[in-house]
>>> print(open('work.cif').read())   # mmCIF, C-alpha atoms and all ligand atoms
data_structure
#
loop_
_atom_site.label_atom_id
_atom_site.label_comp_id
_atom_site.auth_asym_id
_atom_site.auth_seq_id
_atom_site.Cartn_x
_atom_site.Cartn_y
_atom_site.Cartn_z
CA MET A 1 0.00 0.00 0.00
CA SER A 2 1.40 3.39 -0.90
CA ILE A 3 2.17 5.72 1.94
CA PHE A 4 -0.42 8.11 0.52
CA LYS A 5 -3.15 5.47 0.59
CA THR A 6 -2.22 4.36 4.14
CA LEU A 7 -2.52 7.91 5.38
CA ALA A 8 -5.82 8.35 3.62
CA VAL A 9 -7.26 5.19 5.20
CA ALA A 10 -5.97 6.19 8.63
CA GLY A 11 -7.50 9.59 8.08
CA VAL A 12 -10.88 8.14 7.27
CA LEU A 13 -10.72 5.81 10.26
CA SER A 14 -9.78 8.48 12.72
CA PHE A 15 -12.40 10.79 11.25
CA SER A 16 -15.17 8.24 11.67
CA ALA A 17 -13.92 7.26 15.15
CA THR A 18 -14.16 10.86 16.34
CA SER A 19 -17.52 11.42 14.73
CA VAL A 20 -18.91 8.34 16.50
CA LEU A 21 -17.54 9.57 19.83
CA ALA A 22 -18.50 13.12 19.08
CA GLN A 23 -22.27 12.82 19.18
CA THR A 24 -24.55 11.68 21.91
CA ALA A 25 -28.08 12.70 20.96
CA TRP A 26 -30.54 12.76 23.85
CA ASP A 27 -34.29 13.20 23.54
CA MET A 28 -35.75 15.01 26.53
CA PRO A 29 -39.51 14.77 27.20
CA THR A 30 -41.06 17.61 29.25
CA PRO A 31 -44.71 18.07 30.22
CA TYR A 32 -45.40 21.80 29.73
CA GLY A 33 -45.73 24.06 26.71
CA ASP A 34 -43.16 26.35 25.11
CA SER A 35 -44.64 29.53 26.59
CA ILE A 36 -43.96 28.26 30.13
CA PHE A 37 -40.77 29.55 31.79
CA HIS A 38 -39.79 26.01 32.92
CA THR A 39 -39.61 24.99 29.27
CA ALA A 40 -37.64 28.10 28.30
CA ASN A 41 -35.22 27.36 31.15
CA ILE A 42 -34.75 23.78 29.97
CA ILE A 43 -34.17 24.85 26.36
CA GLN A 44 -31.47 27.19 27.67
CA PHE A 45 -30.04 24.29 29.72
CA ALA A 46 -29.86 22.12 26.57
CA ASP A 47 -28.18 24.98 24.67
CA ASP A 48 -25.65 25.42 27.49
CA VAL A 49 -24.81 21.71 27.47
CA ARG A 50 -24.41 21.70 23.68
CA GLU A 51 -22.12 24.70 23.85
CA ALA A 52 -20.04 23.46 26.79
CA THR A 53 -19.47 20.06 25.13
CA GLY A 54 -18.74 21.50 21.67
CA GLY A 55 -21.87 19.76 20.42
CA SER A 56 -20.87 16.28 21.61
CA LEU A 57 -23.93 16.06 23.92
CA ASP A 58 -26.93 17.24 21.96
CA ILE A 59 -30.20 17.36 23.93
CA THR A 60 -33.44 17.82 21.97
CA VAL A 61 -36.30 19.07 24.14
CA HIS A 62 -39.74 17.60 23.35
CA SER A 63 -42.13 19.89 25.24
CA ALA A 64 -45.85 19.71 26.06
CA GLY A 65 -45.88 15.93 26.51
CA SER A 66 -45.18 15.45 22.79
CA LEU A 67 -42.77 12.51 23.22
CA PHE A 68 -44.22 10.96 26.40
CA GLY A 69 -47.30 12.14 28.26
CA HIS A 70 -46.69 13.58 31.72
CA PRO A 71 -47.77 10.39 33.54
CA GLU A 72 -45.23 8.34 31.52
CA ILE A 73 -42.15 10.56 31.69
CA LYS A 74 -40.62 9.30 34.93
CA ASP A 75 -41.00 5.67 33.95
CA ALA A 76 -39.65 6.37 30.46
CA VAL A 77 -36.46 7.80 32.00
CA ARG A 78 -36.23 4.90 34.46
CA ARG A 79 -36.50 2.38 31.63
CA GLN A 80 -34.09 4.44 29.52
CA LEU A 81 -36.66 4.95 26.78
CA ALA A 82 -35.57 8.56 27.23
CA PRO A 83 -32.25 9.33 28.98
CA ILE A 84 -33.46 12.55 30.62
CA GLY A 85 -36.78 14.24 31.37
CA GLU A 86 -38.79 16.70 33.45
CA VAL A 87 -41.76 16.01 35.76
CA LEU A 88 -43.78 17.76 38.44
CA ILE A 89 -42.33 16.18 41.59
CA SER A 90 -45.69 15.90 43.37
CA ARG A 91 -47.13 13.88 40.47
CA LEU A 92 -45.16 11.02 42.05
CA SER A 93 -46.71 11.32 45.52
CA ASN A 94 -48.70 8.12 44.91
CA GLU A 95 -45.32 6.29 44.73
CA ASN A 96 -44.02 7.85 47.93
CA PRO A 97 -45.56 10.67 50.01
CA LEU A 98 -42.14 12.38 50.25
CA TYR A 99 -42.59 13.47 46.63
CA GLY A 100 -45.65 15.44 47.75
CA VAL A 101 -44.07 17.54 50.49
CA ASP A 102 -43.98 20.71 48.37
CA SER A 103 -47.74 20.55 47.71
CA ILE A 104 -48.97 20.59 51.30
CA PRO A 105 -51.08 23.76 51.52
CA PHE A 106 -49.48 26.54 53.59
CA LEU A 107 -46.42 24.59 54.70
CA ALA A 108 -44.11 26.75 52.56
CA THR A 109 -45.66 29.78 50.85
CA SER A 110 -42.81 32.16 49.97
CA TYR A 111 -39.66 31.68 47.89
CA ASP A 112 -37.51 31.69 51.05
CA GLU A 113 -39.68 29.02 52.64
CA ALA A 114 -39.80 27.01 49.43
CA ARG A 115 -36.02 27.10 49.29
CA ALA A 116 -35.72 25.97 52.91
CA LEU A 117 -38.19 23.16 52.26
CA TRP A 118 -36.23 22.12 49.17
CA GLU A 119 -32.99 22.05 51.16
CA ALA A 120 -34.69 19.92 53.82
CA SER A 121 -36.30 17.51 51.35
CA GLU A 122 -33.81 17.24 48.49
CA PRO A 123 -31.58 14.53 50.07
CA ALA A 124 -34.55 12.26 50.76
CA ILE A 125 -36.02 12.80 47.29
CA ALA A 126 -32.64 12.30 45.58
CA SER A 127 -32.12 9.00 47.40
CA LEU A 128 -35.61 7.72 46.48
CA LEU A 129 -34.75 8.43 42.86
CA GLU A 130 -31.34 6.83 43.18
CA GLU A 131 -32.96 3.58 44.32
CA GLU A 132 -34.62 3.52 40.91
CA GLY A 133 -31.47 4.26 38.94
CA LEU A 134 -32.29 7.95 38.50
CA THR A 135 -30.17 11.02 39.29
CA LEU A 136 -31.78 14.31 40.27
CA LEU A 137 -30.24 17.17 38.27
CA PHE A 138 -32.24 20.20 39.39
CA ALA A 139 -35.62 21.45 40.58
CA VAL A 140 -37.46 24.74 40.01
CA PRO A 141 -40.67 25.96 41.69
CA TRP A 142 -43.83 27.26 40.08
CA PRO A 143 -45.08 30.60 41.42
CA PRO A 144 -47.40 30.36 44.44
CA GLN A 145 -50.77 28.75 43.80
CA GLY A 146 -54.04 30.71 43.69
CA ILE A 147 -57.69 29.88 43.09
CA TYR A 148 -59.42 30.68 39.80
CA ALA A 149 -63.22 30.82 39.85
CA GLY A 150 -66.16 32.34 38.01
CA GLU A 151 -67.00 34.65 40.91
CA GLU A 152 -65.30 35.65 44.13
CA VAL A 153 -65.30 32.75 46.59
CA THR A 154 -65.73 34.41 49.98
CA ASP A 155 -66.58 31.18 51.77
CA ALA A 156 -65.43 27.63 50.97
CA ALA A 157 -69.10 26.58 51.15
CA MET A 158 -69.48 28.25 47.75
CA MET A 159 -67.25 25.48 46.31
CA ASP A 160 -69.82 22.83 47.19
CA GLY A 161 -70.27 20.56 44.18
CA VAL A 162 -68.11 22.75 41.94
CA ARG A 163 -66.08 20.82 39.34
CA PHE A 164 -62.49 21.53 40.27
CA ARG A 165 -59.45 20.89 38.09
CA ALA A 166 -56.69 18.93 39.88
CA TYR A 167 -53.10 18.22 38.78
CA ASN A 168 -51.85 15.93 41.57
CA ALA A 169 -53.13 14.05 44.63
CA ALA A 170 -52.90 17.12 46.88
CA THR A 171 -55.05 19.32 44.63
CA GLU A 172 -57.58 16.48 44.51
CA ARG A 173 -57.63 16.26 48.29
CA LEU A 174 -57.88 20.04 48.67
CA ALA A 175 -60.88 20.10 46.31
CA THR A 176 -62.55 17.29 48.22
CA LEU A 177 -62.00 19.00 51.57
CA MET A 178 -63.65 22.16 50.15
CA GLY A 179 -66.64 20.08 49.07
CA ALA A 180 -65.74 20.43 45.37
CA VAL A 181 -65.50 17.59 42.85
CA PRO A 182 -61.95 17.07 41.55
CA THR A 183 -61.02 16.05 38.00
CA GLN A 184 -57.43 15.51 36.82
CA VAL A 185 -56.64 17.68 33.80
CA GLU A 186 -53.20 18.24 32.23
CA ALA A 187 -52.15 21.89 32.07
CA GLY A 188 -52.35 21.90 28.26
CA ASP A 189 -55.96 20.70 28.38
CA ILE A 190 -57.22 23.42 30.76
CA PRO A 191 -58.90 25.61 28.09
CA THR A 192 -60.83 22.64 26.65
CA ALA A 193 -61.79 21.37 30.10
CA PHE A 194 -63.33 24.76 30.95
CA SER A 195 -64.97 25.35 27.58
CA THR A 196 -66.60 21.92 27.58
CA GLY A 197 -67.81 22.33 31.18
CA ARG A 198 -65.67 19.53 32.64
CA VAL A 199 -64.36 22.00 35.22
CA ASP A 200 -65.45 25.36 36.63
CA ALA A 201 -62.56 26.29 38.94
CA MET A 202 -58.93 25.44 39.64
CA ILE A 203 -55.87 26.20 41.75
CA THR A 204 -52.62 26.86 39.92
CA SER A 205 -49.96 29.52 39.37
CA PRO A 206 -50.43 32.82 37.55
CA SER A 207 -48.06 31.33 34.93
CA THR A 208 -50.42 28.48 34.09
CA GLY A 209 -53.40 30.86 34.34
CA VAL A 210 -51.87 33.13 31.72
CA ALA A 211 -50.72 30.24 29.50
CA SER A 212 -54.27 28.90 29.47
CA GLN A 213 -55.85 32.38 29.05
CA ALA A 214 -57.92 31.87 32.18
CA TRP A 215 -59.80 35.14 31.52
CA ASP A 216 -61.67 33.39 28.72
CA PHE A 217 -63.59 31.28 31.26
CA VAL A 218 -63.20 32.63 34.82
CA SER A 219 -63.11 36.16 36.18
CA VAL A 220 -61.56 36.03 39.65
CA TYR A 221 -58.05 35.10 40.77
CA HIS A 222 -57.71 34.61 44.55
CA ASP A 223 -54.07 35.24 45.42
CA THR A 224 -53.94 32.56 48.15
CA ARG A 225 -50.21 31.73 47.78
CA ALA A 226 -50.95 28.28 49.11
CA TRP A 227 -47.73 26.43 48.10
CA LEU A 228 -44.99 26.39 45.44
CA PRO A 229 -44.87 23.00 43.70
CA LYS A 230 -41.69 22.14 41.84
CA ASN A 231 -40.67 20.50 38.59
CA MET A 232 -37.49 18.43 38.55
CA VAL A 233 -35.14 17.22 35.86
CA ILE A 234 -33.94 13.64 36.22
CA VAL A 235 -31.42 11.62 34.25
CA ASN A 236 -31.03 7.87 33.89
CA GLN A 237 -27.87 6.84 35.78
CA ARG A 238 -26.67 4.42 33.12
CA ALA A 239 -27.11 7.06 30.43
CA PHE A 240 -25.21 9.52 32.61
CA GLU A 241 -22.37 7.06 33.23
CA ALA A 242 -22.05 6.41 29.50
CA LEU A 243 -21.03 10.05 29.01
CA SER A 244 -17.37 11.14 29.04
CA ALA A 245 -16.10 12.77 32.23
CA ASP A 246 -16.12 16.15 30.49
CA GLU A 247 -19.71 15.70 29.33
CA GLN A 248 -20.80 14.67 32.82
CA ALA A 249 -19.14 17.75 34.30
CA ALA A 250 -20.74 20.01 31.65
CA LEU A 251 -24.18 18.53 32.34
CA LEU A 252 -23.88 19.01 36.10
CA ALA A 253 -22.60 22.58 35.72
CA ALA A 254 -25.44 23.47 33.34
CA ALA A 255 -27.91 21.90 35.80
CA ASP A 256 -26.64 24.08 38.66
CA GLU A 257 -27.02 27.17 36.49
CA ALA A 258 -30.50 26.08 35.37
CA GLU A 259 -31.61 25.66 38.98
CA ALA A 260 -30.41 29.14 39.97
CA ARG A 261 -31.81 30.73 36.80
CA GLY A 262 -35.13 28.89 37.13
CA TRP A 263 -35.75 30.05 40.70
CA ALA A 264 -35.07 33.65 39.65
CA MET A 265 -37.37 33.32 36.61
CA SER A 266 -40.12 31.88 38.80
CA GLU A 267 -39.93 34.69 41.33
CA ALA A 268 -39.96 37.35 38.59
CA GLU A 269 -42.95 35.62 36.94
CA THR A 270 -45.07 35.82 40.06
CA GLY A 271 -45.72 39.55 39.83
CA GLU A 272 -45.54 39.76 36.03
CA LYS A 273 -48.09 37.03 35.40
CA THR A 274 -50.40 38.17 38.22
CA ASP A 275 -50.38 41.62 36.57
CA ALA A 276 -51.12 39.98 33.22
CA LEU A 277 -54.22 38.30 34.69
CA ALA A 278 -55.45 41.73 35.82
CA ALA A 279 -54.47 43.38 32.51
CA ASN A 280 -56.66 40.83 30.73
CA GLY A 281 -59.66 41.77 32.83
CA MET A 282 -59.58 39.38 35.77
CA SER A 283 -60.09 40.66 39.33
CA VAL A 284 -57.13 39.74 41.46
CA VAL A 285 -58.30 39.53 45.08
CA GLU A 286 -56.86 38.69 48.47
CA PRO A 287 -58.77 35.79 50.03
CA SER A 288 -61.51 36.93 52.44
CA ALA A 289 -60.82 36.34 56.15
CA THR A 290 -63.35 33.50 56.13
CA LEU A 291 -61.85 31.76 53.11
CA ALA A 292 -58.31 32.28 54.43
CA SER A 293 -59.12 30.64 57.75
CA GLN A 294 -60.99 27.76 56.08
CA LEU A 295 -58.06 27.15 53.77
CA SER A 296 -55.59 27.25 56.60
CA GLU A 297 -57.67 24.67 58.46
CA ILE A 298 -57.62 22.48 55.36
CA GLY A 299 -53.84 22.98 55.24
CA ALA A 300 -53.53 21.81 58.86
CA THR A 301 -55.62 18.71 58.08
CA MET A 302 -53.52 17.93 55.02
CA THR A 303 -50.28 18.43 56.97
CA ASP A 304 -51.48 15.92 59.58
CA GLU A 305 -52.56 13.46 56.91
CA TRP A 306 -49.23 13.80 55.14
CA LEU A 307 -47.21 13.30 58.34
CA GLU A 308 -49.28 10.24 59.07
CA SER A 309 -48.64 8.74 55.63
CA ALA A 310 -44.98 9.77 55.30
CA GLY A 311 -43.93 8.30 58.66
CA ASP A 312 -40.50 8.92 60.19
CA ALA A 313 -38.91 9.94 56.88
CA GLY A 314 -41.57 12.63 56.45
CA ARG A 315 -41.29 13.78 60.05
CA SER A 316 -37.55 14.30 59.72
CA VAL A 317 -37.98 16.37 56.53
CA VAL A 318 -40.53 18.64 58.22
CA ASP A 319 -38.39 18.87 61.39
CA ALA A 320 -35.34 19.81 59.30
CA TYR A 321 -37.44 22.42 57.46
CA ARG A 322 -38.79 23.96 60.65
CA MET A 323 -35.39 24.17 62.33
N1 LIG A 401 -48.82 24.74 36.95
C1 LIG A 401 -48.90 23.32 36.75
C2 LIG A 401 -48.47 22.72 38.04
C3 LIG A 401 -48.48 23.80 39.03
C4 LIG A 401 -48.62 25.05 38.24
O1 LIG A 401 -48.52 26.18 38.68
C5 LIG A 401 -50.31 22.91 36.45
O2 LIG A 401 -51.23 23.67 36.72
O3 LIG A 401 -50.51 21.78 35.98
#
>>> encode(input="work.cif", output="structure tokens", more="lines below")
Ligand code: PCA
Amino acid sequence: MSIFKTLAVAGVLSFSATSVLAQTAWDMPTPYGDSIFHTANIIQFADDVREATGGSLDITVHSAGSLFGHPEIKDAVRRQLAPIGEVLISRLSNENPLYGVDSIPFLATSYDEARALWEASEPAIASLLEEEGLTLLFAVPWPPQGIYAGEEVTDAAMMDGVRFRAYNAATERLATLMGAVPTQVEAGDIPTAFSTGRVDAMITSPSTGVASQAWDFVSVYHDTRAWLPKNMVIVNQRAFEALSADEQAALLAAADEAEARGWAMSEAETGEKTDALAANGMSVVEPSATLASQLSEIGATMTDEWLESAGDAGRSVVDAYRM
């Protein structure tokens, strides 16, 4: 073989070897739509990873449940059908009550409290995930949750028999304790659920209210600030371990930045999106004294129920939070 030909073959080989190594393409299912700040934050995270790895780890975000529906995402990542994904943590509370700690009404209602609760609960949640071969990358809260209804609810008795949209076990329980009738509806299906009469009221953030153009079907937003539920991004451990050391480091660094950026985005959203509800004609009201005390009683009941179901592990999270 001529020296020229040998070099050419070697060149082709080394070229194809690097191009095989060079690209890991990851599909990332997420539950919420593109107008939601969580999704924007994750798209930025994917861009940061692509840039930091020189394109060798290429994450494609599939938003709005387009690759896997919200109820399937965690299992898809566990089974490595997708290497990475996002879920609402409290959607998993039927698997273990610890996942539901951030959706107990009035346990943590401000960003500072939500952060303290996250610090207290993150180790327990990360180790539950680890038992299933999953690594927690980061978590970001939604703005505080408020009640959307057709008229001002001054007394919980007004919710009697009202069809109430729920998005996890805690919102279902809250509805039931108010005397309302809960129905699970994905965030993207909220407009249809209201327009077809499946639901008449809901509790969610101003972000989700704006994304679903709540003013088209309800007129009052009660700024109850009941809790700040969080989304988390998880990665399959085997998929993570298959990355190069540099790629792993880039992913973890981008995750830290995404967590910090996401919390800041969430806090900024709270006022902006509450103002947008008002700008689109909704009345934004503080809960009446009666409603506030009824809701806080419901919160106390749900805290007791949660402590009962979460046992010692739950007790130590709440003790660590209250310290
Ligand atoms: N939006 C999501 C979860 C909590 C929130 O603010 C939803 O309504 O489904």
>>> residues_around(input="work.cif", residues="Val218 in chain A", least_positions_apart="4", cutoff="7 Å", atoms="only C-alpha atoms", output="number ranges by chain")
A: 148-150, 214
>>> closest_residue(input="work.cif", among="A:Ile147, A:Leu277, A:Ala249, A:Ala289", to="ligand LIG 401 (chain A)", atoms="only C-alpha atoms and all ligand atoms")
A:Ile147
>>> residues_near_ligand(input="work.cif", ligand="ligand LIG 401 (chain A)", cutoff="6 Å", atoms="only C-alpha atoms and all ligand atoms", output="PyMOL selection string")
chain A and resi 142+167+186-187+204-205+208+229
>>> closest_residue(input="work.cif", among="A:Glu122, A:Ala245, A:Ser296, A:Thr224", to="Tyr321 in chain A", atoms="only C-alpha atoms")
A:Glu122
>>> closest_residue(input="work.cif", among="A:Ala82, A:Ala76, A:Ala40, A:Ala254", to="Ser63 in chain A", atoms="all atoms listed in the file")
A:Ala40
>>> residues_around(input="work.cif", residues="range 24-38 of chain A", least_positions_apart="4", cutoff="8 Å", atoms="all atoms listed in the file", output="PyMOL selection string")
chain A and resi 42+56-70+73+82-87+140+187-188+207-208+211+231+262+265-266
>>> atom_distance(input="work.cif", atom1="CA of Ala278 in chain A", atom2="CA of Trp215 in chain A")
9.0 Å
>>> closest_residue(input="work.cif", among="A:Met302, A:Val317, A:Leu98, A:Val235", to="Leu174 in chain A", atoms="only C-alpha atoms")
A:Met302
>>> atom_distance(input="work.cif", atom1="CA of Leu295 in chain A", atom2="CA of Ala156 in chain A")
7.9 Å
>>> closest_residue(input="work.cif", among="A:Glu286, A:Glu272, A:Glu257, A:Glu267", to="Leu137 in chain A", atoms="all atoms listed in the file")
A:Glu257
>>> closest_residue(input="work.cif", among="A:Met323, A:Ala253, A:Asn280, A:Ala226", to="Ala46 in chain A", atoms="all atoms listed in the file")
A:Ala253
>>> axis_aligned_box(input="work.cif", around="range 144-153 of chain A", padding_each_side="3 Å", output="lines of an AutoDock Vina configuration file")
center_x = -57.2
center_y = 32.2
center_z = 42.3
size_x = 25.6
size_y = 12.9
size_z = 14.6
>>> residues_near_point(input="work.cif", point="(-45.0, 10.0, 47.4)", cutoff="12 Å", atoms="all atoms listed in the file", output="JSON, numbers by chain")
{"A": [88, 89, 90, 91, 92, 93, 94, 95, 96, 97, 98, 99, 100, 101, 102, 103, 104, 124, 125, 128, 129, 168, 169, 170, 306, 307, 309, 310, 311, 313, 314]}
>>> atom_distance(input="work.cif", atom1="CA of Leu136 in chain A", atom2="CA of Ala258 in chain A")
12.8 Å
>>> residues_around(input="work.cif", residues="range 237-242 of chain A", least_positions_apart="3", cutoff="8 Å", atoms="all atoms listed in the file", output="mmCIF file with C-alpha atoms, in the frame of the given file")
data_model
loop_
_atom_site.group_PDB
_atom_site.id
_atom_site.type_symbol
_atom_site.label_atom_id
_atom_site.label_comp_id
_atom_site.auth_asym_id
_atom_site.auth_seq_id
_atom_site.Cartn_x
_atom_site.Cartn_y
_atom_site.Cartn_z
ATOM 1 C CA GLN A 80 -34.090 4.440 29.520
ATOM 2 C CA PRO A 83 -32.250 9.330 28.980
ATOM 3 C CA GLY A 133 -31.470 4.260 38.940
ATOM 4 C CA LEU A 134 -32.290 7.950 38.500
ATOM 5 C CA THR A 135 -30.170 11.020 39.290
ATOM 6 C CA GLN A 248 -20.800 14.670 32.820
#
>>> decode(input="work.cif", residues="range 159-182 of chain A", atoms="N, CA, C and O atoms", output="PDB file, in the first residue's frame")
ATOM      1  N   MET A 159     -67.894  26.449  47.207  1.00  0.00           N
ATOM      2  CA  MET A 159     -67.255  25.475  46.305  1.00  0.00           C
ATOM      3  C   MET A 159     -68.005  24.149  46.301  1.00  0.00           C
ATOM      4  O   MET A 159     -67.624  23.216  45.582  1.00  0.00           O
ATOM      5  N   ASP A 160     -69.070  24.084  47.074  1.00  0.00           N
ATOM      6  CA  ASP A 160     -69.817  22.834  47.193  1.00  0.00           C
ATOM      7  C   ASP A 160     -70.286  22.352  45.820  1.00  0.00           C
ATOM      8  O   ASP A 160     -71.020  23.056  45.126  1.00  0.00           O
ATOM      9  N   GLY A 161     -69.847  21.154  45.442  1.00  0.00           N
ATOM     10  CA  GLY A 161     -70.275  20.556  44.176  1.00  0.00           C
ATOM     11  C   GLY A 161     -69.633  21.135  42.927  1.00  0.00           C
ATOM     12  O   GLY A 161     -69.924  20.687  41.816  1.00  0.00           O
ATOM     13  N   VAL A 162     -68.757  22.126  43.101  1.00  0.00           N
ATOM     14  CA  VAL A 162     -68.115  22.752  41.935  1.00  0.00           C
ATOM     15  C   VAL A 162     -67.086  21.791  41.331  1.00  0.00           C
ATOM     16  O   VAL A 162     -66.328  21.138  42.049  1.00  0.00           O
ATOM     17  N   ARG A 163     -67.063  21.691  40.009  1.00  0.00           N
ATOM     18  CA  ARG A 163     -66.078  20.818  39.340  1.00  0.00           C
ATOM     19  C   ARG A 163     -64.726  21.514  39.320  1.00  0.00           C
ATOM     20  O   ARG A 163     -64.584  22.600  38.753  1.00  0.00           O
ATOM     21  N   PHE A 164     -63.769  20.882  39.971  1.00  0.00           N
ATOM     22  CA  PHE A 164     -62.489  21.530  40.270  1.00  0.00           C
ATOM     23  C   PHE A 164     -61.356  20.787  39.583  1.00  0.00           C
ATOM     24  O   PHE A 164     -61.168  19.590  39.773  1.00  0.00           O
ATOM     25  N   ARG A 165     -60.575  21.509  38.785  1.00  0.00           N
ATOM     26  CA  ARG A 165     -59.452  20.885  38.086  1.00  0.00           C
ATOM     27  C   ARG A 165     -58.309  20.582  39.067  1.00  0.00           C
ATOM     28  O   ARG A 165     -57.897  21.433  39.846  1.00  0.00           O
ATOM     29  N   ALA A 166     -57.811  19.331  39.026  1.00  0.00           N
ATOM     30  CA  ALA A 166     -56.692  18.928  39.876  1.00  0.00           C
ATOM     31  C   ALA A 166     -55.513  18.521  39.005  1.00  0.00           C
ATOM     32  O   ALA A 166     -55.699  18.120  37.848  1.00  0.00           O
ATOM     33  N   TYR A 167     -54.276  18.656  39.542  1.00  0.00           N
ATOM     34  CA  TYR A 167     -53.098  18.220  38.778  1.00  0.00           C
ATOM     35  C   TYR A 167     -52.209  17.252  39.549  1.00  0.00           C
ATOM     36  O   TYR A 167     -51.171  16.836  39.048  1.00  0.00           O
ATOM     37  N   ASN A 168     -52.599  16.929  40.785  1.00  0.00           N
ATOM     38  CA  ASN A 168     -51.854  15.930  41.568  1.00  0.00           C
ATOM     39  C   ASN A 168     -52.783  15.457  42.695  1.00  0.00           C
ATOM     40  O   ASN A 168     -53.935  15.914  42.789  1.00  0.00           O
ATOM     41  N   ALA A 169     -52.274  14.581  43.564  1.00  0.00           N
ATOM     42  CA  ALA A 169     -53.134  14.048  44.631  1.00  0.00           C
ATOM     43  C   ALA A 169     -53.531  15.141  45.626  1.00  0.00           C
ATOM     44  O   ALA A 169     -54.658  15.163  46.129  1.00  0.00           O
ATOM     45  N   ALA A 170     -52.606  16.072  45.895  1.00  0.00           N
ATOM     46  CA  ALA A 170     -52.897  17.116  46.885  1.00  0.00           C
ATOM     47  C   ALA A 170     -53.999  18.065  46.407  1.00  0.00           C
ATOM     48  O   ALA A 170     -54.864  18.465  47.204  1.00  0.00           O
ATOM     49  N   THR A 171     -53.998  18.420  45.114  1.00  0.00           N
ATOM     50  CA  THR A 171     -55.050  19.318  44.629  1.00  0.00           C
ATOM     51  C   THR A 171     -56.401  18.592  44.625  1.00  0.00           C
ATOM     52  O   THR A 171     -57.444  19.211  44.839  1.00  0.00           O
ATOM     53  N   GLU A 172     -56.355  17.275  44.421  1.00  0.00           N
ATOM     54  CA  GLU A 172     -57.584  16.484  44.507  1.00  0.00           C
ATOM     55  C   GLU A 172     -58.132  16.495  45.928  1.00  0.00           C
ATOM     56  O   GLU A 172     -59.325  16.691  46.158  1.00  0.00           O
ATOM     57  N   ARG A 173     -57.230  16.295  46.885  1.00  0.00           N
ATOM     58  CA  ARG A 173     -57.628  16.264  48.293  1.00  0.00           C
ATOM     59  C   ARG A 173     -58.147  17.632  48.739  1.00  0.00           C
ATOM     60  O   ARG A 173     -59.160  17.728  49.441  1.00  0.00           O
ATOM     61  N   LEU A 174     -57.457  18.683  48.326  1.00  0.00           N
ATOM     62  CA  LEU A 174     -57.881  20.042  48.668  1.00  0.00           C
ATOM     63  C   LEU A 174     -59.300  20.295  48.148  1.00  0.00           C
ATOM     64  O   LEU A 174     -60.168  20.812  48.867  1.00  0.00           O
ATOM     65  N   ALA A 175     -59.547  19.915  46.897  1.00  0.00           N
ATOM     66  CA  ALA A 175     -60.877  20.102  46.307  1.00  0.00           C
ATOM     67  C   ALA A 175     -61.921  19.355  47.135  1.00  0.00           C
ATOM     68  O   ALA A 175     -62.972  19.907  47.487  1.00  0.00           O
ATOM     69  N   THR A 176     -61.605  18.111  47.464  1.00  0.00           N
ATOM     70  CA  THR A 176     -62.554  17.294  48.218  1.00  0.00           C
ATOM     71  C   THR A 176     -62.855  17.915  49.582  1.00  0.00           C
ATOM     72  O   THR A 176     -64.006  17.977  50.008  1.00  0.00           O
ATOM     73  N   LEU A 177     -61.799  18.401  50.241  1.00  0.00           N
ATOM     74  CA  LEU A 177     -62.002  19.003  51.569  1.00  0.00           C
ATOM     75  C   LEU A 177     -62.812  20.299  51.488  1.00  0.00           C
ATOM     76  O   LEU A 177     -63.448  20.703  52.458  1.00  0.00           O
ATOM     77  N   MET A 178     -62.807  20.958  50.314  1.00  0.00           N
ATOM     78  CA  MET A 178     -63.650  22.158  50.145  1.00  0.00           C
ATOM     79  C   MET A 178     -65.075  21.787  49.744  1.00  0.00           C
ATOM     80  O   MET A 178     -65.918  22.670  49.595  1.00  0.00           O
ATOM     81  N   GLY A 179     -65.305  20.500  49.500  1.00  0.00           N
ATOM     82  CA  GLY A 179     -66.640  20.082  49.065  1.00  0.00           C
ATOM     83  C   GLY A 179     -66.795  20.092  47.552  1.00  0.00           C
ATOM     84  O   GLY A 179     -67.878  19.849  47.018  1.00  0.00           O
ATOM     85  N   ALA A 180     -65.698  20.403  46.836  1.00  0.00           N
ATOM     86  CA  ALA A 180     -65.743  20.431  45.374  1.00  0.00           C
ATOM     87  C   ALA A 180     -65.507  19.023  44.824  1.00  0.00           C
ATOM     88  O   ALA A 180     -65.204  18.092  45.572  1.00  0.00           O
ATOM     89  N   VAL A 181     -65.653  18.889  43.499  1.00  0.00           N
ATOM     90  CA  VAL A 181     -65.499  17.587  42.849  1.00  0.00           C
ATOM     91  C   VAL A 181     -64.270  17.645  41.944  1.00  0.00           C
ATOM     92  O   VAL A 181     -64.293  18.322  40.913  1.00  0.00           O
ATOM     93  N   PRO A 182     -63.180  16.959  42.336  1.00  0.00           N
ATOM     94  CA  PRO A 182     -61.946  17.073  41.551  1.00  0.00           C
ATOM     95  C   PRO A 182     -61.942  16.247  40.274  1.00  0.00           C
ATOM     96  O   PRO A 182     -62.531  15.171  40.217  1.00  0.00           O
TER      97      PRO A 182
END
